[in-house]
file my_file35.tsv (TSV, C-alpha atoms)
chain	number	residue	atom	x	y	z
A	471	MET	CA	-31.38	-134.69	138.35
A	472	HIS	CA	-32.17	-133.23	134.93
A	473	ILE	CA	-32.82	-135.91	132.32
A	474	LEU	CA	-32.91	-135.36	128.56
A	475	PHE	CA	-34.94	-137.93	126.63
A	476	ILE	CA	-34.05	-138.21	122.95
A	477	ALA	CA	-37.05	-139.98	121.48
A	478	ASP	CA	-39.76	-139.80	118.87
A	479	PRO	CA	-42.02	-136.72	118.98
A	480	LEU	CA	-43.97	-136.54	122.24
A	481	GLU	CA	-47.18	-136.01	120.29
A	482	HIS	CA	-46.81	-139.53	118.85
A	483	PHE	CA	-46.58	-141.28	122.23
A	484	LYS	CA	-49.26	-143.83	123.14
A	485	ILE	CA	-48.97	-143.20	126.84
A	486	TYR	CA	-51.08	-146.21	127.88
A	487	LYS	CA	-48.22	-148.47	126.79
A	488	ASP	CA	-45.17	-146.33	126.02
A	489	THR	CA	-42.05	-147.30	127.97
A	490	THR	CA	-40.34	-143.91	127.62
A	491	PHE	CA	-43.45	-142.28	129.09
A	492	SER	CA	-43.32	-144.68	132.05
A	493	MET	CA	-39.67	-143.71	132.64
A	494	MET	CA	-40.60	-140.02	132.53
A	495	ARG	CA	-43.50	-140.51	134.94
A	496	GLU	CA	-41.36	-142.34	137.51
A	497	ALA	CA	-38.53	-139.81	137.17
A	498	GLN	CA	-40.90	-136.87	137.72
A	499	ARG	CA	-42.50	-138.66	140.69
A	500	ARG	CA	-39.06	-138.65	142.32
A	501	GLY	CA	-38.57	-134.95	141.68
A	502	HIS	CA	-36.32	-135.15	138.64
A	503	LYS	CA	-36.59	-132.54	135.88
A	504	LEU	CA	-37.53	-133.65	132.35
A	505	SER	CA	-36.56	-132.40	128.92
A	506	ALA	CA	-37.13	-133.99	125.53
A	507	CYS	CA	-36.00	-133.65	121.94
A	508	VAL	CA	-35.82	-135.64	118.72
A	509	PRO	CA	-32.56	-136.64	117.00
A	510	GLN	CA	-33.12	-133.95	114.37
A	511	ASP	CA	-32.60	-131.35	117.11
A	512	LEU	CA	-28.95	-132.36	117.66
A	513	THR	CA	-26.40	-129.86	116.32
A	514	TRP	CA	-22.62	-129.51	116.39
A	515	GLN	CA	-20.56	-126.57	115.17
A	516	ARG	CA	-16.82	-126.12	115.39
A	517	GLY	CA	-15.90	-124.26	118.53
A	518	ARG	CA	-19.16	-125.17	120.26
A	519	PRO	CA	-20.38	-128.26	122.11
A	520	VAL	CA	-23.12	-130.57	120.81
A	521	THR	CA	-26.42	-128.85	121.54
A	522	ALA	CA	-30.10	-129.61	121.11
A	523	LYS	CA	-33.23	-127.51	120.98
A	524	VAL	CA	-35.06	-129.17	123.88
A	525	ARG	CA	-38.56	-128.97	125.32
A	526	GLU	CA	-38.64	-128.64	129.10
A	527	VAL	CA	-41.75	-130.63	129.98
A	528	VAL	CA	-43.94	-131.42	132.97
A	529	LEU	CA	-46.34	-134.35	132.97
A	530	THR	CA	-49.89	-133.39	133.83
A	531	GLY	CA	-51.13	-136.74	135.16
A	532	GLU	CA	-53.99	-136.56	132.66
A	533	GLN	CA	-54.64	-138.54	129.48
A	534	GLN	CA	-54.79	-135.41	127.33
A	535	PRO	CA	-52.89	-133.23	127.33
A	536	TRP	CA	-50.44	-135.52	129.09
A	537	PHE	CA	-47.65	-132.94	129.21
A	538	HIS	CA	-47.11	-129.21	128.92
A	539	GLU	CA	-43.99	-127.26	128.01
A	540	ASN	CA	-42.31	-124.83	130.37
A	541	ALA	CA	-39.85	-123.69	127.72
A	542	VAL	CA	-38.10	-124.53	124.46
A	543	ILE	CA	-34.42	-123.74	124.72
A	544	GLU	CA	-31.12	-124.69	123.09
A	545	ARG	CA	-28.79	-126.33	125.58
A	546	PRO	CA	-25.51	-128.26	125.40
A	547	LEU	CA	-25.97	-131.95	126.12
A	548	HIS	CA	-23.28	-131.90	128.79
A	549	ALA	CA	-25.50	-129.54	130.82
A	550	PHE	CA	-27.86	-132.43	131.60
A	551	ASP	CA	-27.17	-134.97	134.31
A	552	VAL	CA	-27.96	-137.78	131.89
A	553	VAL	CA	-29.12	-138.17	128.30
A	554	LEU	CA	-31.33	-141.18	127.54
A	555	MET	CA	-31.28	-142.22	123.88
A	556	ARG	CA	-34.76	-143.69	123.30
A	557	LYS	CA	-35.30	-143.18	119.57
A	558	ASP	CA	-37.13	-146.09	117.97
A	559	PRO	CA	-35.60	-147.88	114.98
A	560	PRO	CA	-35.07	-148.01	112.04
A	561	PHE	CA	-31.38	-148.39	112.73
A	562	ASP	CA	-30.48	-146.45	109.59
A	563	ALA	CA	-27.77	-144.00	108.56
A	564	GLU	CA	-29.48	-141.12	110.38
A	565	TYR	CA	-29.55	-143.15	113.59
A	566	ILE	CA	-25.84	-143.85	113.22
A	567	TYR	CA	-25.10	-140.17	112.60
A	568	ALA	CA	-26.98	-139.37	115.81
A	569	THR	CA	-24.76	-141.78	117.75
A	570	HIS	CA	-21.67	-139.98	116.44
A	571	LEU	CA	-23.06	-136.65	117.65
A	572	LEU	CA	-23.84	-138.24	121.01
A	573	GLU	CA	-20.34	-139.69	121.22
A	574	GLN	CA	-18.92	-136.21	120.64
A	575	ALA	CA	-21.18	-134.98	123.45
A	576	GLU	CA	-19.67	-137.69	125.67
A	577	ARG	CA	-16.19	-136.34	124.92
A	578	GLU	CA	-17.49	-132.98	126.10
A	579	GLY	CA	-18.68	-134.44	129.39
A	580	ALA	CA	-22.21	-135.69	128.69
A	581	ARG	CA	-23.43	-138.96	130.20
A	582	VAL	CA	-25.37	-140.87	127.51
A	583	ILE	CA	-27.36	-144.09	128.09
A	584	ASN	CA	-27.31	-146.44	126.28
A	585	LYS	CA	-23.73	-145.64	125.31
A	586	PRO	CA	-23.56	-144.41	121.67
A	587	ARG	CA	-20.65	-146.61	120.64
A	588	ALA	CA	-22.39	-149.64	122.15
A	589	LEU	CA	-25.56	-148.80	120.20
A	590	ARG	CA	-23.53	-148.76	116.97
A	591	ASP	CA	-21.66	-151.94	117.86
A	592	HIS	CA	-24.82	-153.93	118.64
A	593	PRO	CA	-27.34	-153.66	115.80
A	594	GLU	CA	-30.34	-155.50	117.13
A	595	LYS	CA	-30.57	-158.34	114.64
A	596	LEU	CA	-26.82	-158.89	114.21
A	597	ALA	CA	-25.80	-158.71	117.88
A	598	ILE	CA	-26.88	-162.33	118.34
A	599	MET	CA	-23.90	-163.51	116.24
A	600	GLU	CA	-21.62	-163.11	119.26
A	601	PHE	CA	-23.84	-165.40	121.32
A	602	ALA	CA	-24.53	-168.08	118.71
A	603	GLU	CA	-24.77	-170.87	121.29
A	604	TYR	CA	-28.06	-169.33	122.47
A	605	THR	CA	-29.64	-168.86	119.02
A	606	THR	CA	-31.63	-170.90	116.55
A	607	PRO	CA	-29.79	-171.79	113.27
A	608	THR	CA	-29.35	-168.44	111.54
A	609	LEU	CA	-28.03	-167.17	108.22
A	610	VAL	CA	-27.01	-163.58	107.40
A	611	THR	CA	-26.50	-163.00	103.69
A	612	ARG	CA	-27.54	-161.15	100.56
A	613	ASP	CA	-27.01	-164.28	98.41
A	614	ALA	CA	-30.30	-165.78	97.19
A	615	ALA	CA	-28.63	-169.16	96.55
A	616	ALA	CA	-27.47	-169.31	100.16
A	617	VAL	CA	-31.03	-168.65	101.31
A	618	ARG	CA	-32.35	-171.44	99.10
A	619	ALA	CA	-29.74	-173.85	100.50
A	620	PHE	CA	-30.66	-172.84	104.06
A	621	HIS	CA	-34.32	-173.46	103.28
A	622	ALA	CA	-33.54	-176.85	101.76
A	623	GLU	CA	-31.74	-177.81	104.98
A	624	HIS	CA	-34.26	-176.50	107.51
A	625	GLN	CA	-37.54	-176.60	105.50
A	626	ASP	CA	-39.41	-174.09	107.69
A	627	ILE	CA	-37.76	-170.68	107.93
A	628	ILE	CA	-38.28	-167.03	108.89
A	629	LEU	CA	-36.87	-164.22	106.74
A	630	LYS	CA	-36.55	-160.62	107.91
A	631	PRO	CA	-34.80	-157.33	107.10
A	632	LEU	CA	-32.00	-156.14	109.37
A	633	ASP	CA	-33.48	-152.69	110.00
A	634	GLY	CA	-37.10	-153.51	110.82
A	635	MET	CA	-39.03	-153.21	114.06
A	636	GLY	CA	-42.40	-154.32	115.39
A	637	GLY	CA	-42.47	-157.37	113.13
A	638	MET	CA	-42.18	-155.29	109.96
A	639	GLY	CA	-41.13	-157.24	106.86
A	640	ILE	CA	-41.08	-160.70	108.50
A	641	PHE	CA	-42.00	-163.68	106.31
A	642	ARG	CA	-42.38	-167.39	107.00
A	643	VAL	CA	-41.68	-169.95	104.26
A	644	ARG	CA	-42.64	-173.57	104.90
A	645	ALA	CA	-41.39	-176.77	103.32
A	646	ASP	CA	-43.19	-176.13	100.02
A	647	GLY	CA	-40.99	-173.07	99.41
A	648	LEU	CA	-43.98	-171.09	98.17
A	649	ASN	CA	-42.94	-167.57	97.09
A	650	LEU	CA	-39.41	-167.98	98.47
A	651	GLY	CA	-37.80	-166.41	95.41
A	652	SER	CA	-40.15	-163.44	95.42
A	653	ILE	CA	-39.70	-162.87	99.17
A	654	VAL	CA	-35.91	-162.95	98.88
A	655	GLU	CA	-35.99	-160.49	95.97
A	656	THR	CA	-38.25	-158.18	97.99
A	657	LEU	CA	-36.11	-158.26	101.12
A	658	ASN	CA	-32.63	-158.25	99.62
A	659	LYS	CA	-33.45	-155.85	96.76
A	660	ASN	CA	-32.01	-158.26	94.20
A	661	GLY	CA	-28.79	-158.73	96.16
A	662	ALA	CA	-28.32	-155.10	97.24
A	663	GLN	CA	-29.29	-155.59	100.91
A	664	THR	CA	-28.30	-158.12	103.55
A	665	ILE	CA	-31.08	-160.07	105.25
A	666	MET	CA	-31.43	-162.53	108.12
A	667	VAL	CA	-32.88	-166.02	107.81
A	668	GLN	CA	-33.64	-168.23	110.81
A	669	ARG	CA	-35.01	-171.70	111.32
A	670	PHE	CA	-38.62	-171.42	112.42
A	671	VAL	CA	-39.03	-172.03	116.16
A	672	PRO	CA	-42.41	-173.71	116.74
A	673	GLU	CA	-42.52	-172.53	120.36
A	674	ILE	CA	-43.63	-169.16	118.98
A	675	THR	CA	-47.15	-170.40	119.74
A	676	GLN	CA	-46.26	-169.95	123.44
A	677	GLY	CA	-44.98	-166.45	122.70
A	678	ASP	CA	-42.00	-164.38	121.66
A	679	LYS	CA	-40.68	-163.51	125.12
A	680	ARG	CA	-39.24	-160.08	125.85
A	681	ILE	CA	-36.74	-160.40	128.70
A	682	LEU	CA	-35.67	-157.03	130.08
A	683	ILE	CA	-32.20	-156.62	131.59
A	684	ILE	CA	-31.45	-153.45	133.57
A	685	GLY	CA	-27.92	-152.79	134.80
A	686	GLY	CA	-27.00	-156.38	134.02
A	687	GLN	CA	-29.84	-157.80	136.13
A	688	PRO	CA	-32.94	-159.43	134.62
A	689	VAL	CA	-36.42	-158.23	135.43
A	690	PRO	CA	-37.99	-161.34	137.06
A	691	TYR	CA	-40.87	-161.42	134.54
A	692	SER	CA	-40.88	-161.60	130.76
A	693	LEU	CA	-43.66	-160.50	128.44
A	694	ALA	CA	-44.65	-163.35	126.14
A	695	ARG	CA	-46.05	-161.80	122.96
A	696	ILE	CA	-48.35	-164.47	121.56
A	697	PRO	CA	-49.40	-164.48	117.88
A	698	GLN	CA	-53.13	-164.24	117.30
A	699	GLY	CA	-55.20	-166.07	114.68
A	700	SER	CA	-53.21	-167.02	111.58
A	701	GLU	CA	-50.47	-164.47	112.30
A	702	VAL	CA	-46.93	-165.84	112.71
A	703	ARG	CA	-45.60	-162.69	114.42
A	704	GLY	CA	-45.98	-162.17	118.12
A	705	ASN	CA	-45.00	-158.49	118.09
A	706	LEU	CA	-47.50	-156.28	119.90
A	707	ALA	CA	-47.39	-153.88	116.94
A	708	ALA	CA	-48.51	-156.79	114.73
A	709	GLY	CA	-51.46	-157.66	116.96
A	710	GLY	CA	-49.77	-160.08	119.37
A	711	LYS	CA	-51.20	-160.55	122.86
A	712	GLY	CA	-48.82	-159.70	125.70
A	713	VAL	CA	-48.85	-162.07	128.67
A	714	ALA	CA	-46.44	-161.48	131.55
A	715	GLN	CA	-44.92	-164.58	133.13
A	716	PRO	CA	-42.07	-165.45	135.51
A	717	LEU	CA	-38.70	-166.14	133.93
A	718	THR	CA	-37.99	-169.81	133.38
A	719	ASP	CA	-34.71	-171.28	134.58
A	720	GLN	CA	-33.42	-171.19	130.99
A	721	ASP	CA	-34.58	-167.58	130.54
A	722	ARG	CA	-32.62	-166.64	133.63
A	723	ARG	CA	-29.51	-168.56	132.49
A	724	ILE	CA	-29.56	-166.70	129.17
A	725	ALA	CA	-30.10	-163.33	130.84
A	726	GLU	CA	-27.35	-163.94	133.39
A	727	ALA	CA	-24.94	-164.97	130.64
A	728	LEU	CA	-25.57	-162.02	128.32
A	729	GLY	CA	-26.65	-159.25	130.70
A	730	PRO	CA	-23.40	-158.52	132.57
A	731	VAL	CA	-21.35	-158.69	129.36
A	732	LEU	CA	-23.55	-156.14	127.60
A	733	ASN	CA	-23.92	-153.93	130.67
A	734	GLU	CA	-20.14	-153.70	130.95
A	735	ARG	CA	-20.12	-152.25	127.41
A	736	GLY	CA	-22.46	-149.42	128.37
A	737	LEU	CA	-25.83	-151.01	127.61
A	738	LEU	CA	-27.74	-150.25	130.79
A	739	LEU	CA	-31.06	-151.40	129.32
A	740	ILE	CA	-31.51	-154.25	126.87
A	741	GLY	CA	-34.40	-156.43	125.78
A	742	LEU	CA	-33.74	-160.01	124.76
A	743	ASP	CA	-36.23	-161.62	122.40
A	744	VAL	CA	-36.43	-165.34	123.18
A	745	ILE	CA	-38.60	-167.94	121.46
A	746	GLY	CA	-38.49	-171.28	123.25
A	747	ASN	CA	-34.86	-171.37	124.37
A	748	ALA	CA	-33.48	-169.43	121.40
A	749	VAL	CA	-32.42	-165.78	121.42
A	750	THR	CA	-33.65	-164.21	118.18
A	751	GLU	CA	-32.76	-160.53	118.76
A	752	ILE	CA	-31.01	-158.28	121.26
A	753	ASN	CA	-32.83	-154.96	121.49
A	754	VAL	CA	-30.69	-152.03	122.63
A	755	THR	CA	-32.21	-148.92	121.01
A	756	SER	CA	-35.52	-148.48	122.86
A	757	PRO	CA	-36.59	-151.72	124.59
A	758	THR	CA	-40.25	-151.71	125.58
A	759	CYS	CA	-42.81	-153.65	127.67
A	760	PHE	CA	-42.29	-151.81	130.99
A	761	GLN	CA	-45.96	-150.96	131.41
A	762	GLU	CA	-47.36	-154.34	130.38
A	763	ILE	CA	-45.16	-156.24	132.85
A	764	THR	CA	-45.83	-153.76	135.66
A	765	GLU	CA	-49.60	-153.77	135.18
A	766	GLN	CA	-49.90	-157.56	134.99
A	767	THR	CA	-47.49	-158.56	137.78
A	768	GLY	CA	-47.19	-155.58	140.12
A	769	PHE	CA	-43.40	-155.61	139.69
A	770	ASP	CA	-42.49	-151.94	139.13
A	771	VAL	CA	-40.16	-152.02	136.12
A	772	PRO	CA	-39.87	-148.21	135.73
A	773	ALA	CA	-38.87	-147.96	139.41
A	774	MET	CA	-36.17	-150.61	138.89
A	775	PHE	CA	-34.88	-148.65	135.90
A	776	ILE	CA	-34.76	-145.28	137.68
A	777	ASP	CA	-33.21	-146.94	140.76
A	778	THR	CA	-30.48	-148.33	138.52
A	779	LEU	CA	-30.05	-145.04	136.68
A	780	GLU	CA	-29.67	-143.09	139.93
A	781	ALA	CA	-27.14	-145.59	141.24
A	782	GLU	CA	-25.21	-145.46	137.95
A	783	LEU	CA	-24.95	-141.67	138.15
A	784	ARG	CA	-23.84	-141.79	141.79
call {"tool": "encode", "arguments": {"input": "my_file35.tsv", "output": "C-alpha cells"}}
result
Amino acid sequence: MHILFIADPLEHFKIYKDTTFSMMREAQRRGHKLSACVPQDLTWQRGRPVTAKVREVVLTGEQQPWFHENAVIERPLHAFDVVLMRKDPPFDAEYIYATHLLEQAEREGARVINKPRALRDHPEKLAIMEFAEYTTPTLVTRDAAAVRAFHAEHQDIILKPLDGMGGMGIFRVRADGLNLGSIVETLNKNGAQTIMVQRFVPEITQGDKRILIIGGQPVPYSLARIPQGSEVRGNLAAGGKGVAQPLTDQDRRIAEALGPVLNERGLLLIGLDVIGNAVTEINVTSPTCFQEITEQTGFDVPAMFIDTLEAELR
C-alpha cells in the first residue's frame, strides 16, 4: 500500500510525540510505502487530475535525521492507495480550499481520509452543536451583549476563537467579570468574528480528556490533559500534563453514541475532548495523543489505526 500523508512540513515534526509520525512508523513496519506533502503542493489544472509534488520518504529509525528522501516527484493523488489528510489547524480559508481540491481528487478516484466533505462539515468547535445533549451550556455568537448575558447567567465562563488549536486564545472569566469587555473585543474583533462561550466545567482539574475513536470504535484509554500551576488550559501545547487512563462508563457511552454516526460520514479518526461528562470539541483534522497513550498503557494505538485503515481499503 502506498500512503500519501498531507501534513505540516516533515522538518517541523516533534517525533517523540507526533501522531502522524507514529502512523508513518507503523505503516512502514508493515511494509507500506510512504510519501508526504503539504497542502501548498496540491495543484489542479483543467484537463489534468489533482496532483501534488510529493516526497517519497523512508524512516531511518534514528532521532536525527529521522527520514530521508528517495525522490521528489509530481504525482496524481488517485495514484496512491490512500491519502491521509493530517494538516493541523487553523481551519481557515486555505484549509477549506484544500478540502475542495481533495474532493476533486476523490471524483477522480482517490481515497481520502478523513473525507474532505466531512472535514468541511464538522469544524471542530461547532460540530458539538449537533450533539448538544452531551455538552456544557454553550453560546456561539459575535454579539457582545449576548456574551454578557451568558456570563450573567453562568458566572464562570470560558471564551475561545473558533479557529484555534492547542489552547490558543482561550480565556476564563469568573463571576467578577474582570476584563470581559476587553476579551470579547479581542476575540470577536468588535463584532466581525464569531466566538464560542461555554460554562466553565470545574472537572478540568481532573483533566481535559482526549478520547480517540477509530473506525467508529473507541480506543479503551483516554489521555487526560491536566492543567499545571495556575493555568486553566489542559492542552499539552499549553503545558498540560498528559495522563492516560481507562475510559469511564460515561466516556464510553459518549464515544459509542457519537463514533458510529461520525464514522458513517467518512470520519475514520476523531478525537473527542471531554471535561467531566461534557463534550467540548470534536477534533477531526489531525487528532493526536497516539504516542502518549501507547507509551503509558501499552495499548498500541497506531497499530489499531493501521489495522482499521487496511480493513477500510479492503
call {"tool": "atom_distance", "arguments": {"input": "my_file35.tsv", "atom1": "CA of Ala541 in chain A", "atom2": "CA of Lys503 in chain A"}}
result
12.5 Å
call {"tool": "residues_around", "arguments": {"input": "my_file35.tsv", "residues": "Gly709 in chain A", "least_positions_apart": "5", "cutoff": "10 Å", "atoms": "all atoms listed in the file", "output": "CSV table (one decimal) with C-alpha atoms, in the frame of the given file"}}
result
chain,number,residue,atom,x,y,z
A,636,GLY,CA,-42.4,-154.3,115.4
A,637,GLY,CA,-42.5,-157.4,113.1
A,695,ARG,CA,-46.0,-161.8,123.0
A,696,ILE,CA,-48.4,-164.5,121.6
A,697,PRO,CA,-49.4,-164.5,117.9
A,698,GLN,CA,-53.1,-164.2,117.3
A,699,GLY,CA,-55.2,-166.1,114.7
A,701,GLU,CA,-50.5,-164.5,112.3
A,703,ARG,CA,-45.6,-162.7,114.4
A,704,GLY,CA,-46.0,-162.2,118.1
call {"tool": "residues_near_point", "arguments": {"input": "my_file35.tsv", "point": "(-37.8, -139.8, 129.6)", "cutoff": "6 Å", "atoms": "all atoms listed in the file", "output": "PDB file with C-alpha atoms, in the coordinates of the input"}}
result
ATOM      1  CA  PHE A 475     -34.940-137.930 126.630  1.00  0.00           C
ATOM      2  CA  THR A 490     -40.340-143.910 127.620  1.00  0.00           C
ATOM      3  CA  MET A 493     -39.670-143.710 132.640  1.00  0.00           C
ATOM      4  CA  MET A 494     -40.600-140.020 132.530  1.00  0.00           C
TER       5      MET A 494
END
call {"tool": "residues_around", "arguments": {"input": "my_file35.tsv", "residues": "Met599 in chain A", "least_positions_apart": "3", "cutoff": "12 Å", "atoms": "all atoms listed in the file", "output": "JSON, numbers by chain"}}
result
{"A": [591, 592, 593, 594, 595, 596, 602, 603, 604, 605, 606, 607, 608, 609, 610, 666, 749, 750, 751, 752]}
call {"tool": "residues_around", "arguments": {"input": "my_file35.tsv", "residues": "Asn584 in chain A", "least_positions_apart": "3", "cutoff": "12 Å", "atoms": "all atoms listed in the file", "output": "JSON, numbers by chain"}}
result
{"A": [475, 476, 552, 553, 554, 555, 556, 557, 569, 572, 573, 576, 581, 587, 588, 589, 590, 591, 592, 684, 685, 732, 733, 734, 735, 736, 737, 738, 739, 740, 753, 754, 755, 756, 757, 779, 782]}
call {"tool": "residues_around", "arguments": {"input": "my_file35.tsv", "residues": "range 526-528 of chain A", "least_positions_apart": "2", "cutoff": "12 Å", "atoms": "all atoms listed in the file", "output": "ChimeraX atom specification"}}
result
/A:472-475,480,491,494-495,497-499,501-507,522-524,530-532,535-545,550
call {"tool": "atom_distance", "arguments": {"input": "my_file35.tsv", "atom1": "CA of Ile763 in chain A", "atom2": "CA of Phe641 in chain A"}}
result
27.7 Å
call {"tool": "closest_residue", "arguments": {"input": "my_file35.tsv", "among": "A:Ile628, A:Ala714, A:Met638, A:Ala615", "to": "Gly677 in chain A", "atoms": "only C-alpha atoms"}}
result
A:Ala714
call {"tool": "closest_residue", "arguments": {"input": "my_file35.tsv", "among": "A:Ile674, A:Leu717, A:Val617, A:Leu547", "to": "Asn705 in chain A", "atoms": "only C-alpha atoms"}}
result
A:Ile674
call {"tool": "residues_near_point", "arguments": {"input": "my_file35.tsv", "point": "(-22.7, -155.7, 105.8)", "cutoff": "12 Å", "atoms": "all atoms listed in the file", "output": "list of chain:residue names"}}
result
A:Pro593, A:Leu596, A:Val610, A:Thr611, A:Arg612, A:Leu632, A:Asp633, A:Asn658, A:Gly661, A:Ala662, A:Gln663, A:Thr664, A:Ile665, A:Met666
call {"tool": "closest_residue", "arguments": {"input": "my_file35.tsv", "among": "A:Cys759, A:Asp551, A:Leu682, A:Asn747", "to": "Ile583 in chain A", "atoms": "all atoms listed in the file"}}
result
A:Asp551
call {"tool": "build_atoms", "arguments": {"input": "my_file35.tsv", "residues": "range 759-779 of chain A", "atoms": "N, CA and C atoms", "output": "PDB file, in the frame of the given file"}}
result
ATOM      1  N   CYS A 759     -42.052-152.694 126.856  1.00  0.00           N
ATOM      2  CA  CYS A 759     -42.810-153.650 127.670  1.00  0.00           C
ATOM      3  C   CYS A 759     -42.782-153.337 129.167  1.00  0.00           C
ATOM      4  N   PHE A 760     -42.275-152.177 129.577  1.00  0.00           N
ATOM      5  CA  PHE A 760     -42.290-151.810 130.990  1.00  0.00           C
ATOM      6  C   PHE A 760     -43.716-151.810 131.544  1.00  0.00           C
ATOM      7  N   GLN A 761     -44.618-151.139 130.843  1.00  0.00           N
ATOM      8  CA  GLN A 761     -45.960-150.960 131.410  1.00  0.00           C
ATOM      9  C   GLN A 761     -46.734-152.265 131.450  1.00  0.00           C
ATOM     10  N   GLU A 762     -46.613-153.077 130.414  1.00  0.00           N
ATOM     11  CA  GLU A 762     -47.360-154.340 130.380  1.00  0.00           C
ATOM     12  C   GLU A 762     -46.947-155.257 131.526  1.00  0.00           C
ATOM     13  N   ILE A 763     -45.632-155.368 131.760  1.00  0.00           N
ATOM     14  CA  ILE A 763     -45.160-156.240 132.850  1.00  0.00           C
ATOM     15  C   ILE A 763     -45.594-155.685 134.198  1.00  0.00           C
ATOM     16  N   THR A 764     -45.460-154.372 134.383  1.00  0.00           N
ATOM     17  CA  THR A 764     -45.830-153.760 135.660  1.00  0.00           C
ATOM     18  C   THR A 764     -47.309-153.942 135.952  1.00  0.00           C
ATOM     19  N   GLU A 765     -48.153-153.692 134.963  1.00  0.00           N
ATOM     20  CA  GLU A 765     -49.600-153.770 135.180  1.00  0.00           C
ATOM     21  C   GLU A 765     -50.068-155.194 135.470  1.00  0.00           C
ATOM     22  N   GLN A 766     -49.430-156.184 134.826  1.00  0.00           N
ATOM     23  CA  GLN A 766     -49.900-157.560 134.990  1.00  0.00           C
ATOM     24  C   GLN A 766     -49.319-158.261 136.214  1.00  0.00           C
ATOM     25  N   THR A 767     -48.151-157.836 136.689  1.00  0.00           N
ATOM     26  CA  THR A 767     -47.490-158.560 137.780  1.00  0.00           C
ATOM     27  C   THR A 767     -47.359-157.752 139.059  1.00  0.00           C
ATOM     28  N   GLY A 768     -47.427-156.425 138.956  1.00  0.00           N
ATOM     29  CA  GLY A 768     -47.190-155.580 140.120  1.00  0.00           C
ATOM     30  C   GLY A 768     -45.719-155.285 140.345  1.00  0.00           C
ATOM     31  N   PHE A 769     -44.829-155.922 139.561  1.00  0.00           N
ATOM     32  CA  PHE A 769     -43.400-155.610 139.690  1.00  0.00           C
ATOM     33  C   PHE A 769     -43.144-154.298 138.952  1.00  0.00           C
ATOM     34  N   ASP A 770     -42.607-153.300 139.663  1.00  0.00           N
ATOM     35  CA  ASP A 770     -42.490-151.940 139.130  1.00  0.00           C
ATOM     36  C   ASP A 770     -41.206-151.815 138.298  1.00  0.00           C
ATOM     37  N   VAL A 771     -41.330-152.070 136.996  1.00  0.00           N
ATOM     38  CA  VAL A 771     -40.160-152.020 136.120  1.00  0.00           C
ATOM     39  C   VAL A 771     -39.610-150.597 135.996  1.00  0.00           C
ATOM     40  N   PRO A 772     -40.440-149.565 135.792  1.00  0.00           N
ATOM     41  CA  PRO A 772     -39.870-148.210 135.730  1.00  0.00           C
ATOM     42  C   PRO A 772     -39.106-147.830 136.999  1.00  0.00           C
ATOM     43  N   ALA A 773     -39.586-148.265 138.163  1.00  0.00           N
ATOM     44  CA  ALA A 773     -38.870-147.960 139.410  1.00  0.00           C
ATOM     45  C   ALA A 773     -37.511-148.653 139.428  1.00  0.00           C
ATOM     46  N   MET A 774     -37.454-149.907 138.959  1.00  0.00           N
ATOM     47  CA  MET A 774     -36.170-150.610 138.890  1.00  0.00           C
ATOM     48  C   MET A 774     -35.217-149.864 137.967  1.00  0.00           C
ATOM     49  N   PHE A 775     -35.747-149.364 136.843  1.00  0.00           N
ATOM     50  CA  PHE A 775     -34.880-148.650 135.900  1.00  0.00           C
ATOM     51  C   PHE A 775     -34.350-147.358 136.505  1.00  0.00           C
ATOM     52  N   ILE A 776     -35.224-146.549 137.116  1.00  0.00           N
ATOM     53  CA  ILE A 776     -34.760-145.280 137.680  1.00  0.00           C
ATOM     54  C   ILE A 776     -33.854-145.518 138.881  1.00  0.00           C
ATOM     55  N   ASP A 777     -34.137-146.563 139.680  1.00  0.00           N
ATOM     56  CA  ASP A 777     -33.210-146.940 140.760  1.00  0.00           C
ATOM     57  C   ASP A 777     -31.817-147.183 140.195  1.00  0.00           C
ATOM     58  N   THR A 778     -31.763-147.964 139.126  1.00  0.00           N
ATOM     59  CA  THR A 778     -30.480-148.330 138.520  1.00  0.00           C
ATOM     60  C   THR A 778     -29.799-147.109 137.919  1.00  0.00           C
ATOM     61  N   LEU A 779     -30.592-146.243 137.277  1.00  0.00           N
ATOM     62  CA  LEU A 779     -30.050-145.040 136.680  1.00  0.00           C
ATOM     63  C   LEU A 779     -29.456-144.128 137.749  1.00  0.00           C
TER      64      LEU A 779
END
